[in-house]
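K.L.:
This one is structure-v1.csv, CSV, C-alpha atoms.
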chain,number,residue,atom,x,y,z
A,1,MET,CA,104.7,7.7,7.5
A,2,LYS,CA,101.1,8.8,7.5
A,3,LYS,CA,101.4,10.3,10.9
A,4,LYS,CA,104.2,12.6,9.7
A,5,ILE,CA,102.2,13.7,6.7
A,6,ASN,CA,99.2,14.5,8.9
A,7,ILE,CA,101.3,16.5,11.3
A,8,ALA,CA,102.9,18.5,8.5
A,9,LEU,CA,99.5,19.3,6.9
A,10,ILE,CA,98.1,20.4,10.3
A,11,LEU,CA,101.0,22.7,10.8
A,12,ILE,CA,100.5,24.2,7.3
A,13,VAL,CA,96.8,24.8,7.9
A,14,LEU,CA,97.4,26.4,11.3
A,15,THR,CA,100.0,28.8,9.8
A,16,VAL,CA,97.6,29.8,7.0
A,17,TRP,CA,94.8,30.4,9.5
A,18,GLY,CA,97.1,32.3,11.8
A,19,PHE,CA,98.2,34.5,8.9
A,20,VAL,CA,94.6,35.3,8.0
A,21,ALA,CA,93.6,36.0,11.6
A,22,SER,CA,96.6,38.4,12.1
A,23,LYS,CA,95.7,40.3,8.9
A,24,THR,CA,92.1,40.6,10.1
A,25,LEU,CA,92.8,41.6,13.6
A,26,SER,CA,95.5,44.1,12.7
A,27,GLN,CA,92.9,46.3,11.0
A,28,TYR,CA,91.0,46.8,14.3
A,29,PHE,CA,93.6,46.7,17.1
A,30,PHE,CA,97.0,47.8,15.8
A,31,LEU,CA,97.5,51.3,14.5
A,32,ASP,CA,99.8,52.0,11.7
A,33,LYS,CA,102.2,54.8,12.8
A,34,LYS,CA,103.4,55.4,9.3
A,35,THR,CA,100.1,56.6,8.0
A,36,ILE,CA,99.4,58.9,10.9
A,37,ASN,CA,102.8,60.7,10.9
A,38,GLY,CA,103.7,60.4,7.3
A,39,ALA,CA,100.7,62.2,5.9
A,40,LYS,CA,101.4,65.9,5.5
A,41,PHE,CA,99.0,68.5,4.1
A,42,ASN,CA,100.1,70.3,1.0
A,43,SER,CA,98.7,73.9,1.1
A,44,LYS,CA,99.7,74.6,-2.5
A,45,LEU,CA,97.4,71.9,-3.9
A,46,THR,CA,94.7,73.2,-6.2
A,47,ILE,CA,91.4,71.4,-6.9
A,48,ASN,CA,89.9,71.6,-10.3
A,49,LYS,CA,86.3,72.5,-10.0
A,50,ILE,CA,84.0,70.6,-12.5
A,51,ASN,CA,81.2,72.7,-13.9
A,52,LYS,CA,77.9,71.0,-14.5
A,53,ASP,CA,76.9,70.4,-18.1
A,54,THR,CA,73.3,71.5,-18.4
A,55,PHE,CA,71.0,71.5,-21.3
A,56,ALA,CA,67.2,71.9,-22.0
A,57,LEU,CA,65.0,69.0,-22.9
A,58,GLY,CA,62.5,69.9,-25.6
A,59,ASN,CA,59.1,68.3,-26.3
A,60,ILE,CA,59.3,65.2,-28.3
A,61,ALA,CA,56.7,65.2,-31.1
A,62,ARG,CA,56.9,61.5,-31.9
A,63,ASP,CA,56.7,58.5,-29.6
A,64,PRO,CA,59.8,56.4,-30.6
A,65,PHE,CA,58.2,53.2,-29.2
A,66,LEU,CA,54.8,53.4,-30.8
A,67,ASN,CA,55.9,55.4,-33.8
A,68,LYS,CA,53.0,57.8,-33.4
A,69,GLU,CA,52.7,61.5,-33.1
A,70,SER,CA,51.8,62.7,-29.6
A,71,LYS,CA,49.8,65.8,-28.7
A,72,THR,CA,50.8,68.1,-25.9
A,73,TYR,CA,48.4,70.0,-23.7
A,74,ILE,CA,49.6,72.8,-21.5
A,75,SER,CA,47.5,73.7,-18.6
A,76,SER,CA,47.5,77.3,-17.5
A,77,SER,CA,47.7,78.0,-13.8
A,78,SER,CA,48.9,80.9,-11.6
A,79,LYS,CA,51.6,78.7,-10.0
A,80,LYS,CA,55.0,78.3,-11.4
A,81,GLN,CA,55.4,75.2,-13.5
A,82,TYR,CA,58.7,73.4,-13.7
A,83,PHE,CA,57.6,71.0,-16.4
A,84,LYS,CA,55.0,70.7,-19.1
A,85,LYS,CA,52.4,68.1,-18.8
A,86,VAL,CA,52.3,65.7,-21.8
A,87,THR,CA,49.3,63.5,-22.4
A,88,ILE,CA,49.0,61.0,-25.2
A,89,LYS,CA,45.6,60.0,-26.4
A,90,LYS,CA,45.2,56.6,-27.8
A,91,GLU,CA,42.5,55.6,-30.1
A,92,VAL,CA,40.5,52.7,-28.6
A,93,LYS,CA,39.1,50.3,-31.1
A,94,ASN,CA,35.7,49.0,-30.2
A,95,ALA,CA,36.0,45.2,-29.9
A,96,LEU,CA,33.3,43.3,-31.6
A,97,VAL,CA,31.2,41.6,-29.0
A,98,LYS,CA,29.8,38.3,-30.2
A,99,GLN,CA,26.3,37.9,-29.1
A,100,LYS,CA,25.7,34.6,-27.5
A,101,GLU,CA,22.8,32.7,-29.0
A,102,PHE,CA,20.3,31.9,-26.4
A,103,VAL,CA,19.7,28.1,-26.5
A,104,ILE,CA,16.4,26.9,-25.2
A,105,TRP,CA,17.0,23.6,-23.5
A,106,PRO,CA,14.3,21.0,-23.3
A,107,GLN,CA,12.9,20.0,-19.9
A,108,ILE,CA,15.5,17.5,-18.6
A,109,SER,CA,15.7,15.5,-15.4
A,110,TYR,CA,18.3,12.9,-14.3
A,111,HIS,CA,16.9,9.8,-12.6
A,112,GLY,CA,20.0,7.6,-12.1
A,113,TYR,CA,22.0,4.9,-13.8
A,114,ILE,CA,21.9,1.2,-14.4
A,115,ASN,CA,25.0,-0.8,-13.9
A,116,SER,CA,25.4,-4.0,-15.9
A,117,LYS,CA,27.1,-7.0,-14.3
A,118,ASP,CA,28.0,-8.5,-17.6
A,119,ARG,CA,29.5,-5.4,-19.0
A,120,ASN,CA,31.7,-3.8,-16.3
A,121,SER,CA,32.5,-0.6,-18.2
A,122,GLU,CA,29.1,0.3,-19.5
A,123,LEU,CA,26.6,2.4,-17.6
A,124,LEU,CA,23.1,3.2,-18.8
A,125,ILE,CA,22.0,6.6,-17.7
A,126,LEU,CA,18.3,7.3,-17.2
A,127,VAL,CA,17.4,10.7,-18.5
A,128,ASP,CA,13.9,12.2,-18.9
A,129,VAL,CA,13.8,14.6,-21.9
A,130,ASP,CA,10.4,16.4,-22.4
A,131,LYS,CA,8.7,13.6,-20.5
A,132,LYS,CA,10.3,10.8,-22.5
A,133,LEU,CA,12.6,8.4,-20.8
A,134,TYR,CA,15.9,7.7,-22.5
A,135,ARG,CA,18.7,5.3,-21.6
A,136,LEU,CA,22.0,7.0,-22.7
A,137,LYS,CA,25.5,5.6,-22.9
A,138,LEU,CA,28.6,7.8,-22.7
A,139,ASN,CA,29.0,10.0,-25.8
A,140,GLN,CA,25.6,8.8,-27.2
A,141,GLN,CA,23.3,11.3,-28.8
A,142,SER,CA,19.5,11.3,-28.8
A,143,ASP,CA,17.3,14.3,-29.8
A,144,GLY,CA,20.4,16.5,-30.1
A,145,ILE,CA,21.4,15.8,-26.5
A,146,THR,CA,24.8,14.1,-25.9
A,147,LEU,CA,26.0,12.6,-22.7
A,148,LYS,CA,29.5,13.9,-22.1
A,149,LYS,CA,30.5,13.0,-18.5
A,150,VAL,CA,29.1,10.9,-15.7
A,151,PHE,CA,29.7,11.7,-12.0
A,152,LYS,CA,28.4,10.0,-8.8
A,153,ASP,CA,25.6,12.4,-8.3
A,154,SER,CA,25.3,14.3,-11.6
A,155,ILE,CA,25.8,14.1,-15.4
A,156,GLU,CA,27.0,16.6,-18.0
A,157,LEU,CA,25.0,17.0,-21.1
A,158,ASP,CA,25.7,18.8,-24.3
A,159,PHE,CA,23.0,20.5,-26.4
A,160,ASN,CA,23.9,22.7,-29.4
A,161,ARG,CA,27.5,23.1,-28.2
A,162,GLU,CA,26.4,24.3,-24.8
A,163,LYS,CA,27.1,22.2,-21.7
A,164,LYS,CA,25.0,21.9,-18.5
A,165,ILE,CA,25.3,19.7,-15.4
A,166,PHE,CA,22.2,18.0,-14.1
A,167,ARG,CA,21.9,16.6,-10.6
A,168,LEU,CA,20.2,13.4,-9.5
A,169,ASN,CA,16.5,13.9,-8.7
Spell out the structure here as structure tokens.
P.N.:
Amino acid sequence: MKKKINIALILIVLTVWGFVASKTLSQYFFLDKKTINGAKFNSKLTINKINKDTFALGNIARDPFLNKESKTYISSSSKKQYFKKVTIKKEVKNALVKQKEFVIWPQISYHGYINSKDRNSELLILVDVDKKLYRLKLNQQSDGITLKKVFKDSIELDFNREKKIFRLN
């Protein structure tokens, strides 16, 4: 039973593909005699000529996107001009520049860290600030200096909202 159904389906698929192939190949190899002989030229046929619709574009005084008036400047030259040059001047607002306060940092040097065996997560960082040795923990503040990040060979300190990175001496 299954063999008969498979044979019938294969025959249907082959006929469909044969039909598609014949339609495709007939465009290239077989000439249609009806179209060659059947087409006759009618000499009494009149063709309606379409005239171009022309109009002149005027200068636009207002910019529709910015809703501002534009100024036009016409440059005079001896050559023929086919269009007028339109320039739009924009007013540039001066942006207020915030002057950055110059922060004078104390003299700082990073000497290393002490790792505690009892407390696995705590590191004590040895920092020399103006020739005074401090032991800092993460996010601890002393003399206005805060320890923000600790790296293998450097630390990041914060002083008056300004950050700097100091390397190991």
K.L.:
Give me the residues near A:Ile155 as a list of chain:residue names, where near means some atom within 8 Å (using all atoms listed in the file) and where sequence neighbours in that chain fewer than 4 positions away do not count.
P.N.:
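Once the nearby chain positions are removed, what remains is A:Tyr110, A:Leu147, A:Lys148, A:Lys149, A:Val150, A:Phe151, A:Ile165, A:Phe166, A:Arg167.
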K.L.:
From the set A:Asn59, A:Thr24, A:Asn169, A:Gln99, which residue has the shortest atom-to-atom contact distance to A:Thr87, counting all atoms listed in the file?
P.N.:
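Answer, going by the shortest atom-to-atom distance: A:Asn59.
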K.L.:
Can you work out the spacing between atom CA of A:Lys68 and atom CA of A:Lys89 in Å, to one decimal?
P.N.:
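Here the two named atoms are 10.4 Å from each other.
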K.L.:
List the spatial neighbours of stretch 130-145 of chain A as an MDAnalysis selection string - criterion: any atom at most 6 Å away, all atoms listed in the file, same-chain residues fewer than 4 positions off excluded.
P.N.:
chainID A and resid 107 124:126 158:159
K.L.:
Rank A:Leu123, A:Lys44, A:Ile10, A:Lys84 by their smallest atom-to-atom distance to A:Ile60, using all atoms listed in the file, and report the top residue only.
P.N.:
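Among the listed residues, A:Lys84 lies closest to A:Ile60.
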K.L.:
Choose the residue, out of A:Ser43, A:Ser109, A:Ser116, A:Ser22, that has the smallest atom-to-atom separation from A:Leu168; count all atoms listed in the file.
P.N.:
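When distances to A:Leu168 are compared using all atoms listed in the file, the smallest one comes from A:Ser109.
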K.L.:
Nearest to A:Arg161 among A:Trp17, A:Phe102, A:Tyr113, A:Phe29, with distances taken over all atoms listed in the file: which residue is it?
P.N.:
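Of A:Trp17, A:Phe102, A:Tyr113, A:Phe29, the one nearest A:Arg161, counting all atoms listed in the file, is A:Phe102.
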